[in-house]
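Notes follow once the structure below has been shown.
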Amino acid sequence: MADKIIYIENVGEVVFRHSAKAKYLNISVKPFYGVRVSVPAGLSFSNAAAFVDRKKSWIRMQLDKVKSYESEKLLIDEKSKYIPKHYTLHLFSNDEQKISLHISTGKIIVSHPTNYNLSSREVQLAIKKGIIEALRLEAKLFFPSRVRLLADRFGIEYRKLSIKNLKSRWGSCSNKNNINLNIHLMRLPDYLIDYVILHELAHTIHHNHSLKFWELLNNLTGNAKRLDKELKNFKIDYF
């Protein structure tokens, strides 16, 4: 069943969608998506709207938080510092009725209808999706050989390397010495990428942040505490 947009006073446009999986009516307020409501199959949109109307106070609070979050996010354009190191962003308007994303060698290409502008949510989401994919491609090319080189240089063994789009950490090391690295590391200066790799390699020897761990990491990096402090200046989730 098609979505229905209903205007709720003091809230604005709200998107309602019937869901076969929804057992209860669920209201979500997310950055760049606005207010969306999942409606159980047996409940009408009008009844769902009446429920949402009674929750306006809570929704307004969530919208205020979301708008504050969105205001901190930079608009991504061709000159953005978030474009991956080995890529350029190319934006085109066309007569088609849909947004398309294409990634080729060194290029992220987003094409959108002429009635969409750069700041529209749909165009921004396509750009950000392209950035994520480009970061993933860069990481898959760079990380395996770099981790192996640093591991061999310091005589450290690890079991397996995984490359992921992590939301809360730059990397991790499991008890089985499997290393995970975040694709967003590719946005960092090379020396900080190496620091994170060496940090996780050190965890294959000390699975904690004990004094012995920091002594080892300092021997590997030269100044672990300073590098760790620098790393904290970068955020993982920027959109």
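We label chains A, B, ... in the order they appear in the structure tokens, count residues from 1 in each chain, and number ligands from 1 in the order shown.
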
Determine, using only C-alpha atoms, which residues of range 175-205 of chain A have any atom at most 12 Å from an atom of range 115-132 of chain A, and tabulate each with its shortest atom pair and distance in Å to one decimal place, rows ordered by chain and then rising number, as CSV.
residue,atom,partner,partner_atom,distance
A:Asn182,CA,A:Ile132,CA,11.0
A:Ile183,CA,A:Ile132,CA,7.9
A:His184,CA,A:Ile132,CA,8.2
A:Leu185,CA,A:Ile132,CA,11.5
A:Met186,CA,A:Ile132,CA,10.5
A:Arg187,CA,A:Ile131,CA,10.6

Could the residues in this selection be saved with N, CA and C atoms as a PDB file, in the first residue's frame?
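Wrote it out as out_9.pdb, contents follow:
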ATOM      1  N   ASN A 182      37.755   0.085  10.185  1.00  0.00           N
ATOM      2  CA  ASN A 182      36.661   0.920   9.714  1.00  0.00           C
ATOM      3  C   ASN A 182      37.021   1.595   8.391  1.00  0.00           C
ATOM      4  N   ILE A 183      36.115   1.561   7.423  1.00  0.00           N
ATOM      5  CA  ILE A 183      36.389   2.205   6.135  1.00  0.00           C
ATOM      6  C   ILE A 183      36.622   3.705   6.294  1.00  0.00           C
ATOM      7  N   HIS A 184      36.069   4.320   7.355  1.00  0.00           N
ATOM      8  CA  HIS A 184      36.226   5.764   7.561  1.00  0.00           C
ATOM      9  C   HIS A 184      37.650   6.146   7.958  1.00  0.00           C
ATOM     10  N   LEU A 185      38.473   5.155   8.260  1.00  0.00           N
ATOM     11  CA  LEU A 185      39.891   5.435   8.488  1.00  0.00           C
ATOM     12  C   LEU A 185      40.528   6.074   7.260  1.00  0.00           C
ATOM     13  N   MET A 186      39.980   5.782   6.090  1.00  0.00           N
ATOM     14  CA  MET A 186      40.559   6.308   4.857  1.00  0.00           C
ATOM     15  C   MET A 186      40.464   7.827   4.776  1.00  0.00           C
ATOM     16  N   ARG A 187      39.681   8.442   5.648  1.00  0.00           N
ATOM     17  CA  ARG A 187      39.596   9.907   5.690  1.00  0.00           C
ATOM     18  C   ARG A 187      40.719  10.528   6.518  1.00  0.00           C
TER      19      ARG A 187
END

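Remark: for Tyr82 in chain A, the closest of the candidate residues A:Tyr33, A:Leu135, A:Arg148, A:Met61 is A:Leu135 (distances computed over only C-alpha atoms).
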
Mind listing the strand (DSSP E or B) residues of range 77-221 of chain A, per DSSP on the backbone, as number ranges by chain?
A: 88-94, 100-104, 107-113, 160-164, 171-173, 178-182

Would you save the residues from that selection as a compact mmCIF listing (two decimals), in the first residue's frame, using N, CA and C atoms?
# COMPACT_ATOMS: atom_id res chain seq x y z
N THR A 88 36.90 12.12 -7.05
CA THR A 88 36.28 13.43 -7.20
C THR A 88 34.77 13.21 -7.35
N LEU A 89 34.00 14.18 -6.87
CA LEU A 89 32.55 14.11 -6.95
C LEU A 89 32.05 14.93 -8.14
N HIS A 90 31.15 14.34 -8.93
CA HIS A 90 30.60 15.00 -10.11
C HIS A 90 29.08 14.97 -10.01
N LEU A 91 28.45 16.15 -10.06
CA LEU A 91 27.00 16.27 -9.94
C LEU A 91 26.42 16.78 -11.25
N PHE A 92 25.35 16.11 -11.72
CA PHE A 92 24.71 16.50 -12.96
C PHE A 92 23.20 16.50 -12.79
N SER A 93 22.52 17.43 -13.47
CA SER A 93 21.07 17.39 -13.53
C SER A 93 20.65 16.87 -14.90
N ASN A 94 19.48 16.23 -14.96
CA ASN A 94 19.02 15.65 -16.22
C ASN A 94 17.50 15.68 -16.28
N SER A 100 20.38 8.88 -9.90
CA SER A 100 21.26 7.74 -10.16
C SER A 100 22.65 7.99 -9.58
N LEU A 101 23.28 6.91 -9.18
CA LEU A 101 24.64 6.97 -8.61
C LEU A 101 25.51 5.99 -9.37
N HIS A 102 26.67 6.47 -9.78
CA HIS A 102 27.61 5.61 -10.50
C HIS A 102 29.02 5.90 -9.99
N ILE A 103 29.76 4.85 -9.71
CA ILE A 103 31.15 5.00 -9.25
C ILE A 103 32.07 4.35 -10.27
N SER A 104 32.96 5.15 -10.83
CA SER A 104 33.95 4.64 -11.77
C SER A 104 35.33 4.94 -11.22
N LYS A 107 35.97 8.45 -9.67
CA LYS A 107 34.84 9.37 -9.79
C LYS A 107 33.60 8.83 -9.07
N ILE A 108 32.92 9.75 -8.35
CA ILE A 108 31.60 9.48 -7.80
C ILE A 108 30.64 10.37 -8.59
N ILE A 109 29.74 9.76 -9.35
CA ILE A 109 28.87 10.51 -10.25
C ILE A 109 27.42 10.39 -9.78
N VAL A 110 26.83 11.53 -9.47
CA VAL A 110 25.43 11.56 -9.05
C VAL A 110 24.65 12.41 -10.04
N SER A 111 23.62 11.82 -10.62
CA SER A 111 22.77 12.52 -11.57
C SER A 111 21.37 12.64 -10.98
N HIS A 112 20.76 13.81 -11.08
CA HIS A 112 19.46 14.02 -10.43
C HIS A 112 18.54 14.84 -11.33
N PRO A 113 17.21 14.73 -11.14
CA PRO A 113 16.26 15.53 -11.92
C PRO A 113 16.50 17.02 -11.73
N LYS A 160 42.88 -12.85 10.82
CA LYS A 160 42.07 -12.45 9.67
C LYS A 160 41.79 -10.96 9.73
N LEU A 161 41.68 -10.33 8.57
CA LEU A 161 41.34 -8.91 8.50
C LEU A 161 39.96 -8.74 7.87
N SER A 162 39.10 -7.95 8.53
CA SER A 162 37.78 -7.61 7.98
C SER A 162 37.68 -6.08 7.86
N ILE A 163 37.03 -5.63 6.81
CA ILE A 163 36.88 -4.20 6.55
C ILE A 163 35.39 -3.87 6.60
N LYS A 164 35.01 -2.93 7.50
CA LYS A 164 33.59 -2.70 7.74
C LYS A 164 33.28 -1.20 7.85
N GLY A 171 38.51 0.67 14.93
CA GLY A 171 38.93 -0.69 14.68
C GLY A 171 38.73 -1.54 15.93
N SER A 172 38.95 -2.84 15.78
CA SER A 172 38.84 -3.74 16.93
C SER A 172 39.64 -4.99 16.64
N CYS A 173 39.91 -5.73 17.72
CA CYS A 173 40.63 -7.00 17.61
C CYS A 173 39.94 -8.01 18.52
N ASN A 178 41.36 -11.71 15.27
CA ASN A 178 40.78 -11.21 14.03
C ASN A 178 40.67 -9.69 14.14
N ILE A 179 41.17 -8.99 13.15
CA ILE A 179 41.19 -7.53 13.17
C ILE A 179 40.09 -6.96 12.28
N ASN A 180 39.34 -5.99 12.80
CA ASN A 180 38.34 -5.25 12.04
C ASN A 180 38.82 -3.81 11.88
N LEU A 181 38.75 -3.27 10.67
CA LEU A 181 39.11 -1.88 10.43
C LEU A 181 37.94 -1.15 9.78
N ASN A 182 37.75 0.09 10.19
CA ASN A 182 36.66 0.92 9.71
C ASN A 182 37.02 1.59 8.39

State, in Å with one decimal place, the distance from CA of Leu201 in chain A to CA of Phe154 in chain A.
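Here the two named atoms are 9.5 Å from each other.
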
Nearby residues (only C-alpha atoms) at most 8 Å from Phe45 in chain A, same-chain spacing under 5 positions excluded, as a list in words: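 Everything that qualifies: Lys4, Phe16 and Val39 of chain A.
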
- Mind checking which residues fall within 8 Å of Ile59 in chain A, counting only C-alpha atoms, ignoring those fewer than 4 positions away in the same chain, and posting them as a PyMOL selection string? chain A and resi 11+29+55+63

In range 78-214 of chain A, DSSP alpha helix (DSSP H) residues written as number ranges by chain: A: 121-154, 190-203, 211-214

Next on the checklist: Using only C-alpha atoms, can you tell me which of A:Lys225, A:Leu188, A:Asp194, A:Trp170 comes closest to Phe143 in chain A?
Outcome noted: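 Of A:Lys225, A:Leu188, A:Asp194, A:Trp170, the one nearest Phe143 in chain A, counting only C-alpha atoms, is A:Asp194.
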
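CA of Leu198 in chain A sits 11.2 Å away from CA of Phe213 in chain A.
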
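Proximity to Ser38 in chain A was assessed for A:Asp3, A:Glu78, A:Glu133, A:Glu200 counting only C-alpha atoms; the smallest distance is recorded for A:Asp3.
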
Next item on the list: Excluding Lys56 in chain A and any residue of its chain fewer than 2 positions from it, enumerate the residues within 9 Å of it, using only C-alpha atoms, and give them as a PyMOL selection string.
Entry: chain A and resi 8-11+52-54+58-61

Please produce a file of the residues just selected, as a short mmCIF file (atom, residue, chain, number, x, y, z; two decimals), in the first residue's frame, where the atoms kept are N, CA and C atoms.
data_model
loop_
_atom_site.label_atom_id
_atom_site.label_comp_id
_atom_site.auth_asym_id
_atom_site.auth_seq_id
_atom_site.Cartn_x
_atom_site.Cartn_y
_atom_site.Cartn_z
N ILE A 8 0.30 17.45 10.10
CA ILE A 8 -0.10 17.52 11.51
C ILE A 8 0.29 18.90 12.03
N GLU A 9 -0.67 19.62 12.55
CA GLU A 9 -0.41 20.98 13.03
C GLU A 9 0.69 21.00 14.08
N ASN A 10 1.60 21.97 13.95
CA ASN A 10 2.75 22.15 14.85
C ASN A 10 3.81 21.06 14.70
N VAL A 11 3.63 20.17 13.75
CA VAL A 11 4.62 19.14 13.46
C VAL A 11 5.08 19.25 12.01
N VAL A 52 -0.96 10.23 16.44
CA VAL A 52 0.22 11.08 16.29
C VAL A 52 -0.07 12.48 16.82
N ASP A 53 -1.29 12.97 16.57
CA ASP A 53 -1.67 14.30 17.04
C ASP A 53 -1.58 14.40 18.57
N ARG A 54 -1.88 13.31 19.24
CA ARG A 54 -1.82 13.31 20.71
C ARG A 54 -0.38 13.23 21.21
N TRP A 58 5.86 15.24 22.36
CA TRP A 58 7.05 14.37 22.29
C TRP A 58 7.73 14.50 20.93
N ILE A 59 6.93 14.55 19.86
CA ILE A 59 7.49 14.64 18.51
C ILE A 59 8.25 15.95 18.33
N ARG A 60 7.71 17.05 18.86
CA ARG A 60 8.38 18.34 18.75
C ARG A 60 9.74 18.29 19.44
N MET A 61 9.81 17.65 20.59
CA MET A 61 11.09 17.52 21.29
C MET A 61 12.10 16.77 20.45
#
